[in-house]
>>> print(open('final_22.pdb').read())   # PDB, C-alpha atoms, pLDDT in the B column
ATOM      1  CA  MET X 173     -94.456-110.074  55.814  1.00 44.00           C
ATOM      2  CA  THR X 174     -95.687-112.897  53.589  1.00 53.00           C
ATOM      3  CA  ASN X 175     -94.108-116.348  53.666  1.00 62.00           C
ATOM      4  CA  THR X 176     -92.916-117.461  50.262  1.00 70.00           C
ATOM      5  CA  TYR X 177     -92.758-121.203  50.025  1.00 74.00           C
ATOM      6  CA  PRO X 178     -91.564-123.362  47.167  1.00 78.00           C
ATOM      7  CA  SER X 179     -94.038-125.220  44.999  1.00 92.00           C
ATOM      8  CA  PHE X 180     -95.676-128.037  46.975  1.00 95.00           C
ATOM      9  CA  LYS X 181     -95.100-130.677  44.314  1.00 94.00           C
ATOM     10  CA  GLN X 182     -91.469-129.707  43.723  1.00 94.00           C
ATOM     11  CA  HIS X 183     -90.761-129.665  47.436  1.00 95.00           C
ATOM     12  CA  TYR X 184     -92.527-132.983  48.050  1.00 96.00           C
ATOM     13  CA  VAL X 185     -90.126-134.785  45.684  1.00 93.00           C
ATOM     14  CA  SER X 186     -87.013-132.933  46.878  1.00 94.00           C
ATOM     15  CA  SER X 187     -84.380-134.239  49.289  1.00 94.00           C
ATOM     16  CA  PHE X 188     -85.480-135.458  52.747  1.00 96.00           C
ATOM     17  CA  THR X 189     -83.485-136.722  55.729  1.00 96.00           C
ATOM     18  CA  ASN X 190     -84.420-139.876  57.619  1.00 96.00           C
ATOM     19  CA  MET X 191     -84.928-139.742  61.378  1.00 96.00           C
ATOM     20  CA  LEU X 192     -83.081-143.017  61.805  1.00 94.00           C
ATOM     21  CA  ARG X 193     -82.935-142.948  65.605  1.00 94.00           C
ATOM     22  CA  TRP X 194     -85.765-142.275  68.030  1.00 95.00           C
ATOM     23  CA  HIS X 195     -83.854-139.435  69.686  1.00 96.00           C
ATOM     24  CA  GLN X 196     -83.654-137.724  66.273  1.00 96.00           C
ATOM     25  CA  LEU X 197     -87.433-137.936  66.011  1.00 97.00           C
ATOM     26  CA  ASP X 198     -87.748-136.467  69.518  1.00 97.00           C
ATOM     27  CA  GLU X 199     -85.589-133.521  68.431  1.00 98.00           C
ATOM     28  CA  LEU X 200     -87.657-133.061  65.273  1.00 98.00           C
ATOM     29  CA  TRP X 201     -90.891-132.926  67.293  1.00 98.00           C
ATOM     30  CA  LYS X 202     -89.291-130.375  69.626  1.00 98.00           C
ATOM     31  CA  ASN X 203     -88.329-128.198  66.651  1.00 97.00           C
ATOM     32  CA  VAL X 204     -91.842-128.419  65.192  1.00 98.00           C
ATOM     33  CA  LYS X 205     -93.422-127.505  68.546  1.00 97.00           C
ATOM     34  CA  ASN X 206     -91.099-124.497  68.821  1.00 96.00           C
ATOM     35  CA  ASN X 207     -92.597-123.174  65.567  1.00 94.00           C
ATOM     36  CA  ALA X 208     -96.137-124.541  65.852  1.00 96.00           C
ATOM     37  CA  GLU X 209     -98.068-122.063  63.722  1.00 95.00           C
ATOM     38  CA  GLY X 210     -99.051-122.670  60.112  1.00 96.00           C
ATOM     39  CA  TRP X 211     -98.904-126.476  59.915  1.00 98.00           C
ATOM     40  CA  TYR X 212    -101.247-128.574  57.804  1.00 98.00           C
ATOM     41  CA  ILE X 213    -101.739-132.228  58.684  1.00 97.00           C
ATOM     42  CA  TYR X 214    -102.716-134.400  55.741  1.00 96.00           C
ATOM     43  CA  LEU X 215    -103.842-138.023  55.902  1.00 94.00           C
ATOM     44  CA  ILE X 216    -102.786-139.144  52.433  1.00 93.00           C
ATOM     45  CA  GLY X 217    -105.785-140.539  50.587  1.00 89.00           C
ATOM     46  CA  ASP X 218    -108.242-138.404  52.543  1.00 90.00           C
ATOM     47  CA  THR X 219    -109.478-134.910  51.766  1.00 91.00           C
ATOM     48  CA  VAL X 220    -106.675-132.396  51.309  1.00 95.00           C
ATOM     49  CA  PRO X 221    -106.823-129.932  54.207  1.00 95.00           C
ATOM     50  CA  ASP X 222    -107.367-126.316  53.243  1.00 95.00           C
ATOM     51  CA  THR X 223    -106.613-124.790  56.642  1.00 96.00           C
ATOM     52  CA  ALA X 224    -103.721-125.101  59.021  1.00 97.00           C
ATOM     53  CA  VAL X 225    -104.299-126.800  62.365  1.00 96.00           C
ATOM     54  CA  THR X 226    -104.137-124.966  65.662  1.00 96.00           C
ATOM     55  CA  SER X 227    -101.043-125.356  67.805  1.00 96.00           C
ATOM     56  CA  GLU X 228    -103.105-127.470  70.220  1.00 95.00           C
ATOM     57  CA  GLU X 229    -104.157-129.805  67.392  1.00 95.00           C
ATOM     58  CA  LEU X 230    -100.539-130.031  66.259  1.00 97.00           C
ATOM     59  CA  TYR X 231     -99.326-130.908  69.774  1.00 97.00           C
ATOM     60  CA  GLN X 232    -102.051-133.557  70.096  1.00 95.00           C
ATOM     61  CA  PHE X 233    -101.172-135.042  66.704  1.00 96.00           C
ATOM     62  CA  ILE X 234     -97.470-135.199  67.585  1.00 97.00           C
ATOM     63  CA  GLN X 235     -98.229-136.940  70.866  1.00 96.00           C
ATOM     64  CA  GLU X 236    -100.598-139.442  69.247  1.00 95.00           C
ATOM     65  CA  ILE X 237     -98.470-140.194  66.168  1.00 96.00           C
ATOM     66  CA  ASP X 238     -95.371-140.597  68.333  1.00 96.00           C
ATOM     67  CA  GLU X 239     -97.206-143.130  70.510  1.00 94.00           C
ATOM     68  CA  LEU X 240     -98.524-144.954  67.421  1.00 92.00           C
ATOM     69  CA  LEU X 241     -95.066-145.139  65.840  1.00 94.00           C
ATOM     70  CA  HIS X 242     -93.419-146.426  69.014  1.00 93.00           C
ATOM     71  CA  ARG X 243     -96.176-148.993  69.566  1.00 92.00           C
ATOM     72  CA  GLU X 244     -96.444-150.305  66.003  1.00 89.00           C
ATOM     73  CA  HIS X 245     -92.830-149.909  64.858  1.00 88.00           C
ATOM     74  CA  ASP X 246     -91.336-151.836  67.754  1.00 82.00           C
ATOM     75  CA  TYR X 247     -87.664-151.570  66.822  1.00 83.00           C
ATOM     76  CA  ASP X 248     -84.721-149.856  68.457  1.00 87.00           C
ATOM     77  CA  TYR X 249     -84.627-147.446  65.504  1.00 83.00           C
ATOM     78  CA  CYS X 250     -87.222-145.194  63.879  1.00 90.00           C
ATOM     79  CA  GLY X 251     -86.371-144.870  60.171  1.00 90.00           C
ATOM     80  CA  ILE X 252     -89.928-144.156  58.941  1.00 93.00           C
ATOM     81  CA  VAL X 253     -90.100-140.382  59.401  1.00 97.00           C
ATOM     82  CA  TYR X 254     -88.380-138.013  56.977  1.00 97.00           C
ATOM     83  CA  ALA X 255     -87.972-134.236  57.112  1.00 98.00           C
ATOM     84  CA  ASP X 256     -86.733-131.747  54.570  1.00 97.00           C
ATOM     85  CA  ASN X 257     -84.776-130.003  57.330  1.00 96.00           C
ATOM     86  CA  LYS X 258     -84.289-131.333  60.869  1.00 96.00           C
ATOM     87  CA  GLU X 259     -83.883-127.953  62.548  1.00 96.00           C
ATOM     88  CA  SER X 260     -86.455-125.896  60.658  1.00 95.00           C
ATOM     89  CA  PRO X 261     -88.725-128.220  58.666  1.00 97.00           C
ATOM     90  CA  LEU X 262     -91.292-127.163  56.099  1.00 96.00           C
ATOM     91  CA  MET X 263     -92.414-130.714  55.364  1.00 98.00           C
ATOM     92  CA  ILE X 264     -92.348-134.031  57.230  1.00 98.00           C
ATOM     93  CA  LYS X 265     -93.295-137.401  55.744  1.00 97.00           C
ATOM     94  CA  ILE X 266     -94.505-140.080  58.159  1.00 97.00           C
ATOM     95  CA  PHE X 267     -94.785-143.611  56.813  1.00 94.00           C
ATOM     96  CA  ASP X 268     -97.309-146.080  58.165  1.00 90.00           C
ATOM     97  CA  PRO X 269     -95.603-148.906  60.105  1.00 88.00           C
ATOM     98  CA  SER X 270     -98.225-151.324  58.754  1.00 78.00           C
ATOM     99  CA  ASN X 271     -97.645-150.354  55.094  1.00 73.00           C
ATOM    100  CA  LEU X 272     -93.958-149.782  54.525  1.00 70.00           C
ATOM    101  CA  GLY X 273     -93.418-151.674  51.285  1.00 62.00           C
ATOM    102  CA  SER X 274     -90.094-150.606  49.874  1.00 52.00           C
ATOM    103  CA  ALA X 275     -89.341-147.062  50.966  1.00 50.00           C
ATOM    104  CA  CYS X 276     -86.573-146.765  48.374  1.00 51.00           C
ATOM    105  CA  GLY X 277     -88.955-147.583  45.554  1.00 52.00           C
ATOM    106  CA  CYS X 278     -86.640-150.317  44.241  1.00 53.00           C
ATOM    107  CA  SER X 279     -89.612-152.682  44.014  1.00 58.00           C
ATOM    108  CA  GLY X 280     -91.030-150.454  41.292  1.00 64.00           C
ATOM    109  CA  GLN X 281     -93.898-149.354  43.523  1.00 71.00           C
ATOM    110  CA  VAL X 282     -93.488-146.110  45.413  1.00 75.00           C
ATOM    111  CA  ILE X 283     -95.320-146.153  48.733  1.00 84.00           C
ATOM    112  CA  PRO X 284     -96.399-142.641  49.721  1.00 91.00           C
ATOM    113  CA  PRO X 285     -96.331-141.597  53.354  1.00 94.00           C
ATOM    114  CA  ARG X 286     -99.558-142.111  55.323  1.00 94.00           C
ATOM    115  CA  TRP X 287     -99.310-138.684  56.988  1.00 95.00           C
ATOM    116  CA  LEU X 288     -97.769-135.430  55.906  1.00 97.00           C
ATOM    117  CA  LEU X 289     -97.035-132.391  58.046  1.00 98.00           C
ATOM    118  CA  THR X 290     -96.418-129.379  55.888  1.00 98.00           C
ATOM    119  CA  ARG X 291     -96.181-125.635  56.206  1.00 97.00           C
ATOM    120  CA  ILE X 292     -96.656-125.416  52.441  1.00 96.00           C
ATOM    121  CA  PRO X 293    -100.379-125.623  51.626  1.00 96.00           C
ATOM    122  CA  PRO X 294    -100.805-129.237  50.477  1.00 97.00           C
ATOM    123  CA  GLU X 295    -102.036-130.580  47.177  1.00 96.00           C
ATOM    124  CA  ALA X 296    -103.484-134.014  46.495  1.00 96.00           C
ATOM    125  CA  ILE X 297    -101.048-136.923  46.546  1.00 94.00           C
ATOM    126  CA  ILE X 298    -102.167-139.928  44.547  1.00 87.00           C
ATOM    127  CA  ASP X 299    -102.404-143.083  46.633  1.00 85.00           C
ATOM    128  CA  ASP X 300    -104.368-146.035  45.294  1.00 81.00           C
ATOM    129  CA  THR X 301    -104.113-148.038  48.507  1.00 82.00           C
ATOM    130  CA  ILE X 302    -107.149-148.230  50.731  1.00 83.00           C
ATOM    131  CA  ILE X 303    -106.757-146.489  54.066  1.00 86.00           C
ATOM    132  CA  PRO X 304    -107.185-149.210  56.714  1.00 85.00           C
ATOM    133  CA  ALA X 305    -110.258-148.822  58.924  1.00 88.00           C
ATOM    134  CA  ASN X 306    -108.131-148.603  62.067  1.00 88.00           C
ATOM    135  CA  ARG X 307    -106.286-145.596  60.611  1.00 89.00           C
ATOM    136  CA  ILE X 308    -109.541-143.888  59.674  1.00 88.00           C
ATOM    137  CA  ARG X 309    -110.927-144.436  63.189  1.00 89.00           C
ATOM    138  CA  TRP X 310    -107.674-143.143  64.722  1.00 89.00           C
ATOM    139  CA  TRP X 311    -107.778-140.055  62.495  1.00 90.00           C
ATOM    140  CA  GLN X 312    -111.458-139.358  63.194  1.00 89.00           C
ATOM    141  CA  ARG X 313    -110.949-139.742  66.945  1.00 88.00           C
ATOM    142  CA  LEU X 314    -107.992-137.386  66.837  1.00 85.00           C
ATOM    143  CA  PHE X 315    -109.729-134.679  64.842  1.00 79.00           C
ATOM    144  CA  ARG X 316    -113.310-135.430  65.988  1.00 68.00           C
ATOM    145  CA  ARG X 317    -114.652-135.597  62.442  1.00 55.00           C
TER     146      ARG X 317
END
>>> encode(input="final_22.pdb", output="structure tokens")
Amino acid sequence: MTNTYPSFKQHYVSSFTNMLRWHQLDELWKNVKNNAEGWYIYLIGDTVPDTAVTSEELYQFIQEIDELLHREHDYDYCGIVYADNKESPLMIKIFDPSNLGSACGCSGQVIPPRWLLTRIPPEAIIDDTIIPANRIRWWQRLFRR
């Protein structure tokens, strides 16, 4: 059976739900791990991945990004991770705690997420911001590039 996914670009701009509380993010990670096959991990602004990661790479990414978010977004709420569906996500947007801007876009500048987990093969997302060196080093260490 072949998976039929919606268009990447249409889905990317569709409705997403905020993981406002940390426990909601924990539940989201659990749901992703329970269906770990077929995920792409995309560092926005870097090369678009053309292959899905292994389940081990996905688990490692979830552990590392969760630690990064807790360390650098030191609040009693999360609020910077969005999923299209909490129970069975196809796409998850993770915003960089050091580059939040205005998530609602009311400033006139839309800040894209820094990382994207997607089961839909990704396409390039335009981001004119420079990826900070610490994020590049973190990414390279994680994926041994």
>>> closest_residue(input="final_22.pdb", among="X:Ile297, X:Val253, X:Leu288, X:Leu262", to="Leu192 of chain X", atoms="only C-alpha atoms")
X:Val253
>>> resolve_selection(input="final_22.pdb", expression="the PyMOL selection byres ((chain X and resi 198-201) around 12)", output="count of residues only")
43
>>> axis_aligned_box(input="final_22.pdb", around="segment 188-199 of chain X", padding_each_side="5 Å", output="lines of an AutoDock Vina configuration file")
center_x = -85.3
center_y = -138.3
center_z = 61.2
size_x = 14.8
size_y = 19.5
size_z = 26.9
>>> closest_residue(input="final_22.pdb", among="X:Leu240, X:Leu215, X:Ile266, X:Val185", to="Asp299 of chain X", atoms="all atoms listed in the file")
X:Leu215
>>> closest_residue(input="final_22.pdb", among="X:Tyr249, X:Trp211, X:Tyr184, X:Trp310", to="Pro284 of chain X", atoms="only C-alpha atoms")
X:Tyr184
>>> resolve_selection(input="final_22.pdb", expression="the PyMOL selection byres ((chain X and resi 293) around 9)", output="CSV table (one decimal) with C-alpha atoms, in the frame of the given file")
chain,number,residue,atom,x,y,z
X,177,TYR,CA,-92.8,-121.2,50.0
X,180,PHE,CA,-95.7,-128.0,47.0
X,211,TRP,CA,-98.9,-126.5,59.9
X,212,TYR,CA,-101.2,-128.6,57.8
X,221,PRO,CA,-106.8,-129.9,54.2
X,222,ASP,CA,-107.4,-126.3,53.2
X,223,THR,CA,-106.6,-124.8,56.6
X,224,ALA,CA,-103.7,-125.1,59.0
X,290,THR,CA,-96.4,-129.4,55.9
X,291,ARG,CA,-96.2,-125.6,56.2
X,292,ILE,CA,-96.7,-125.4,52.4
X,294,PRO,CA,-100.8,-129.2,50.5
X,295,GLU,CA,-102.0,-130.6,47.2
>>> closest_residue(input="final_22.pdb", among="X:Arg286, X:Phe188, X:Glu244, X:Ile213", to="Ile303 of chain X", atoms="all atoms listed in the file")
X:Arg286
>>> atom_distance(input="final_22.pdb", atom1="atom CA of Leu314 of chain X", atom2="atom CA of Val220 of chain X")
16.4 Å
>>> closest_residue(input="final_22.pdb", among="X:His183, X:Gly210, X:Arg309, X:Thr301", to="Thr226 of chain X", atoms="all atoms listed in the file")
X:Gly210
>>> atom_distance(input="final_22.pdb", atom1="atom CA of His245 of chain X", atom2="atom CA of Pro269 of chain X")
5.6 Å
>>> atom_distance(input="final_22.pdb", atom1="atom CA of Ile216 of chain X", atom2="atom CA of Ala305 of chain X")
13.8 Å
>>> build_atoms(input="final_22.pdb", residues="segment 199-214 of chain X", atoms="N, CA and C atoms", output="tab-separated table (two decimals), in the frame of the given file")
chain	number	residue	atom	x	y	z
X	199	GLU	N	-86.11	-134.86	68.74
X	199	GLU	CA	-85.59	-133.52	68.43
X	199	GLU	C	-86.42	-132.85	67.34
X	200	LEU	N	-86.82	-133.62	66.34
X	200	LEU	CA	-87.66	-133.06	65.27
X	200	LEU	C	-88.98	-132.55	65.84
X	201	TRP	N	-89.63	-133.36	66.69
X	201	TRP	CA	-90.89	-132.93	67.29
X	201	TRP	C	-90.68	-131.65	68.11
X	202	LYS	N	-89.59	-131.57	68.84
X	202	LYS	CA	-89.29	-130.38	69.63
X	202	LYS	C	-89.17	-129.16	68.71
X	203	ASN	N	-88.49	-129.31	67.59
X	203	ASN	CA	-88.33	-128.20	66.65
X	203	ASN	C	-89.66	-127.78	66.03
X	204	VAL	N	-90.52	-128.74	65.74
X	204	VAL	CA	-91.84	-128.42	65.19
X	204	VAL	C	-92.66	-127.67	66.24
X	205	LYS	N	-92.65	-128.15	67.47
X	205	LYS	CA	-93.42	-127.50	68.55
X	205	LYS	C	-92.94	-126.08	68.81
X	206	ASN	N	-91.64	-125.84	68.61
X	206	ASN	CA	-91.10	-124.50	68.82
X	206	ASN	C	-91.54	-123.51	67.75
X	207	ASN	N	-92.10	-124.02	66.65
X	207	ASN	CA	-92.60	-123.17	65.57
X	207	ASN	C	-93.92	-123.78	65.11
X	208	ALA	N	-94.92	-123.74	66.01
X	208	ALA	CA	-96.14	-124.54	65.85
X	208	ALA	C	-97.21	-123.91	64.97
X	209	GLU	N	-97.04	-122.71	64.53
X	209	GLU	CA	-98.07	-122.06	63.72
X	209	GLU	C	-97.91	-122.40	62.24
X	210	GLY	N	-99.06	-122.54	61.57
X	210	GLY	CA	-99.05	-122.67	60.11
X	210	GLY	C	-98.85	-124.07	59.56
X	211	TRP	N	-99.08	-125.10	60.37
X	211	TRP	CA	-98.90	-126.48	59.92
X	211	TRP	C	-100.23	-127.06	59.42
X	212	TYR	N	-100.15	-127.76	58.31
X	212	TYR	CA	-101.25	-128.57	57.80
X	212	TYR	C	-100.92	-130.02	58.12
X	213	ILE	N	-101.93	-130.79	58.46
X	213	ILE	CA	-101.74	-132.23	58.68
X	213	ILE	C	-102.64	-132.94	57.69
X	214	TYR	N	-102.03	-133.77	56.86
X	214	TYR	CA	-102.72	-134.40	55.74
X	214	TYR	C	-102.63	-135.91	55.87
